Amino acid sequence: PVLDTEDAWVSVEGPVSIVELALEQKRIHYPLVEHQFVLCTTLYAIMRFSLKSVKPLSLFDSKGKNAFFKDLTSIQLLPSGDMDPNVLSIRQQFLVKVVSAAVQTLCSSQKANEVSEEELFPFEKGKNWPTLAVDLAQYLQISEDVIKRHYVCELYSYGMDHLGEE
(Lines give C-alpha, C1' and ligand atoms only; values in the text may rest on other atoms or scores of the structure.)
Protein backbone atom coordinates (compact mmCIF):
# COMPACT_ATOMS: atom_id res chain seq x y z
CA PRO A 1 0.00 0.00 0.00
CA VAL A 2 1.02 3.56 -0.68
CA LEU A 3 1.31 5.83 2.33
CA ASP A 4 0.47 9.47 1.90
CA THR A 5 2.54 11.64 4.21
CA GLU A 6 1.55 15.12 5.22
CA ASP A 7 3.89 17.89 4.16
CA ALA A 8 4.72 18.77 7.79
CA TRP A 9 6.15 15.30 8.39
CA VAL A 10 8.37 15.12 5.29
CA SER A 11 11.19 17.14 6.84
CA VAL A 12 11.07 15.44 10.25
CA GLU A 13 14.10 13.37 11.14
CA GLY A 14 14.16 10.49 13.58
CA PRO A 15 13.40 6.80 13.79
CA VAL A 16 11.29 5.10 11.13
CA SER A 17 7.56 5.35 11.68
CA ILE A 18 5.85 2.32 13.20
CA VAL A 19 3.47 2.17 10.23
CA GLU A 20 6.38 1.87 7.81
CA LEU A 21 7.94 -0.83 9.98
CA ALA A 22 4.67 -2.74 10.04
CA LEU A 23 4.34 -2.57 6.26
CA GLU A 24 7.86 -3.97 5.82
CA GLN A 25 7.00 -7.11 7.79
CA LYS A 26 6.23 -10.35 5.98
CA ARG A 27 2.57 -11.30 5.82
CA ILE A 28 1.47 -14.03 8.20
CA HIS A 29 -0.06 -17.31 7.11
CA TYR A 30 -3.48 -16.99 8.71
CA PRO A 31 -4.34 -20.72 8.91
CA LEU A 32 -1.17 -21.16 10.96
CA VAL A 33 -2.36 -18.46 13.37
CA GLU A 34 -5.72 -20.25 13.66
CA HIS A 35 -3.84 -23.47 14.39
CA GLN A 36 -1.96 -21.73 17.22
CA PHE A 37 -5.29 -20.35 18.48
CA VAL A 38 -6.69 -23.87 18.75
CA LEU A 39 -3.68 -24.93 20.82
CA CYS A 40 -3.96 -21.88 23.10
CA THR A 41 -7.67 -22.41 23.63
CA THR A 42 -7.07 -26.08 24.34
CA LEU A 43 -4.38 -25.29 26.91
CA TYR A 44 -6.59 -22.65 28.53
CA ALA A 45 -9.51 -25.08 28.80
CA ILE A 46 -7.26 -27.70 30.39
CA MET A 47 -6.03 -25.15 32.91
CA ARG A 48 -9.41 -23.53 33.54
CA PHE A 49 -11.27 -26.75 34.27
CA SER A 50 -8.30 -28.64 35.77
CA LEU A 51 -8.72 -31.44 33.27
CA LYS A 52 -6.56 -34.37 34.23
CA SER A 53 -4.89 -36.86 31.90
CA VAL A 54 -5.21 -34.65 28.82
CA LYS A 55 -2.12 -34.44 26.66
CA PRO A 56 -2.63 -31.37 24.46
CA LEU A 57 -0.28 -32.46 21.68
CA SER A 58 -2.14 -35.77 21.34
CA LEU A 59 -4.97 -33.74 19.79
CA PHE A 60 -2.80 -33.05 16.73
CA ASP A 61 -1.21 -35.26 14.11
CA SER A 62 2.46 -35.04 13.13
CA LYS A 63 1.90 -32.25 10.57
CA GLY A 64 -0.03 -30.27 13.17
CA LYS A 65 2.66 -30.75 15.81
CA ASN A 66 5.40 -29.66 13.43
CA ALA A 67 3.47 -26.54 12.44
CA PHE A 68 3.60 -25.23 16.03
CA PHE A 69 7.33 -24.72 15.75
CA LYS A 70 7.39 -22.87 12.44
CA ASP A 71 7.48 -19.16 11.76
CA LEU A 72 4.00 -17.65 11.39
CA THR A 73 5.01 -16.17 8.05
CA SER A 74 5.95 -19.56 6.57
CA ILE A 75 3.39 -21.48 4.59
CA GLN A 76 3.02 -24.86 6.24
CA LEU A 77 1.09 -27.95 5.34
CA LEU A 78 -1.64 -28.18 7.91
CA PRO A 79 -3.77 -31.24 8.55
CA SER A 80 -6.65 -31.52 6.13
CA GLY A 81 -8.77 -34.22 4.64
CA ASP A 82 -8.66 -37.69 6.16
CA MET A 83 -7.52 -37.82 9.75
CA ASP A 84 -6.40 -40.74 11.86
CA PRO A 85 -9.52 -42.11 13.61
CA ASN A 86 -7.55 -42.40 16.87
CA VAL A 87 -6.73 -38.67 16.83
CA LEU A 88 -10.36 -37.84 16.04
CA SER A 89 -11.50 -40.00 18.95
CA ILE A 90 -9.08 -38.26 21.34
CA ARG A 91 -10.30 -34.87 20.10
CA GLN A 92 -13.93 -35.82 20.62
CA GLN A 93 -13.22 -37.11 24.13
CA PHE A 94 -11.45 -33.85 24.95
CA LEU A 95 -14.33 -31.68 23.75
CA VAL A 96 -16.82 -33.82 25.66
CA LYS A 97 -14.71 -33.36 28.82
CA VAL A 98 -14.67 -29.58 28.30
CA VAL A 99 -18.45 -29.43 27.90
CA SER A 100 -19.01 -31.67 30.93
CA ALA A 101 -16.67 -29.58 33.07
CA ALA A 102 -18.28 -26.33 31.88
CA VAL A 103 -21.78 -27.55 32.76
CA GLN A 104 -20.59 -28.88 36.11
CA THR A 105 -18.93 -25.55 36.89
CA LEU A 106 -22.06 -23.67 35.83
CA CYS A 107 -24.32 -25.80 38.01
CA SER A 108 -22.04 -25.76 41.05
CA SER A 109 -21.70 -21.97 40.85
CA GLN A 110 -25.48 -21.58 40.66
CA LYS A 111 -26.09 -23.90 43.62
CA ALA A 112 -23.40 -22.36 45.83
CA ASN A 113 -24.18 -18.67 46.00
CA GLU A 114 -20.86 -17.92 47.65
CA VAL A 115 -18.55 -16.51 44.99
CA SER A 116 -19.79 -16.12 41.43
CA GLU A 117 -17.87 -17.22 38.36
CA GLU A 118 -17.42 -13.60 37.29
CA GLU A 119 -15.75 -12.75 40.58
CA LEU A 120 -13.35 -15.70 40.31
CA PHE A 121 -12.59 -15.16 36.63
CA PRO A 122 -13.51 -11.56 35.75
CA PHE A 123 -11.81 -11.75 32.34
CA GLU A 124 -14.14 -14.62 31.36
CA LYS A 125 -17.31 -12.57 31.65
CA GLY A 126 -19.59 -13.65 28.85
CA LYS A 127 -17.39 -16.61 27.82
CA ASN A 128 -19.58 -19.53 26.90
CA TRP A 129 -17.42 -22.64 27.04
CA PRO A 130 -19.92 -25.04 25.43
CA THR A 131 -20.23 -22.69 22.45
CA LEU A 132 -16.46 -22.40 22.30
CA ALA A 133 -16.22 -26.21 22.33
CA VAL A 134 -18.60 -26.36 19.36
CA ASP A 135 -16.45 -23.80 17.54
CA LEU A 136 -13.34 -25.84 18.33
CA ALA A 137 -15.08 -28.95 16.99
CA GLN A 138 -15.17 -27.32 13.57
CA TYR A 139 -11.40 -26.68 13.67
CA LEU A 140 -10.69 -30.15 15.02
CA GLN A 141 -12.87 -31.87 12.38
CA ILE A 142 -15.35 -33.24 14.91
CA SER A 143 -19.10 -33.27 14.30
CA GLU A 144 -20.58 -30.22 16.01
CA ASP A 145 -23.84 -32.11 16.55
CA VAL A 146 -22.13 -34.65 18.80
CA ILE A 147 -20.86 -31.85 21.06
CA LYS A 148 -24.22 -30.06 21.07
CA ARG A 149 -26.07 -33.28 21.94
CA HIS A 150 -23.65 -33.97 24.77
CA TYR A 151 -24.18 -30.43 26.07
CA VAL A 152 -27.95 -30.86 26.13
CA CYS A 153 -27.62 -34.26 27.85
CA GLU A 154 -25.34 -32.73 30.49
CA LEU A 155 -27.81 -29.90 31.12
CA TYR A 156 -30.64 -32.37 31.62
CA SER A 157 -28.54 -34.61 33.87
CA TYR A 158 -27.77 -31.63 36.14
CA GLY A 159 -31.42 -30.61 36.29
CA MET A 160 -31.01 -27.57 34.08
CA ASP A 161 -34.01 -28.53 31.94
CA HIS A 162 -34.90 -24.95 31.04
CA LEU A 163 -31.46 -24.45 29.47
CA GLY A 164 -31.51 -27.84 27.81
CA GLU A 165 -34.77 -27.04 26.04
CA GLU A 166 -33.29 -23.91 24.51
# chains A, B, ... in the order shown; residues from 1 in each chain; ligands from 1
>>> closest_atom_pairs(of="region 1-67 of chain A", to="region 126-148 of chain A", cutoff="9 Å", atoms="only C-alpha atoms", output="tab-separated table")
residue	atom	partner	partner_atom	distance
A:Glu34	CA	A:Tyr139	CA	8.6
A:His35	CA	A:Tyr139	CA	8.3
A:Val38	CA	A:Leu136	CA	7.0
A:Thr41	CA	A:Leu136	CA	8.5
A:Thr42	CA	A:Leu136	CA	8.7
A:Ala45	CA	A:Trp129	CA	8.5
A:Leu59	CA	A:Leu140	CA	8.3
A:Phe60	CA	A:Leu140	CA	8.6
>>> select_by_dssp(residues="chain A", states="alpha helix (DSSP H)", output="ChimeraX atom specification")
/A:7-10,18-24,30-48,62-67,85-111,117-120,129-139,144-157,161-165
>>> closest_residue(among="A:Val16, A:Val96, A:Leu23, A:Ala101", to="Arg48 (chain A)", atoms="only C-alpha atoms")
A:Ala101
>>> closest_atom_pairs(of="region 12-119 of chain A", to="region 159-164 of chain A", cutoff="10 Å", atoms="only C-alpha atoms", output="JSON lines")
{"residue": "A:Val103", "atom": "CA", "partner": "A:Met160", "partner_atom": "CA", "distance": 9.3}
{"residue": "A:Leu106", "atom": "CA", "partner": "A:Met160", "partner_atom": "CA", "distance": 9.9}
{"residue": "A:Cys107", "atom": "CA", "partner": "A:Met160", "partner_atom": "CA", "distance": 8.0}
>>> closest_residue(among="A:Val2, A:Ser53, A:Leu155, A:Ser17", to="Gln104 (chain A)", atoms="only C-alpha atoms")
A:Leu155
>>> closest_residue(among="A:Pro56, A:Arg27, A:Leu51, A:Thr73", to="Leu39 (chain A)", atoms="only C-alpha atoms")
A:Pro56
>>> atom_distance(atom1="CA of Tyr44 (chain A)", atom2="CA of Val98 (chain A)")
10.6 Å
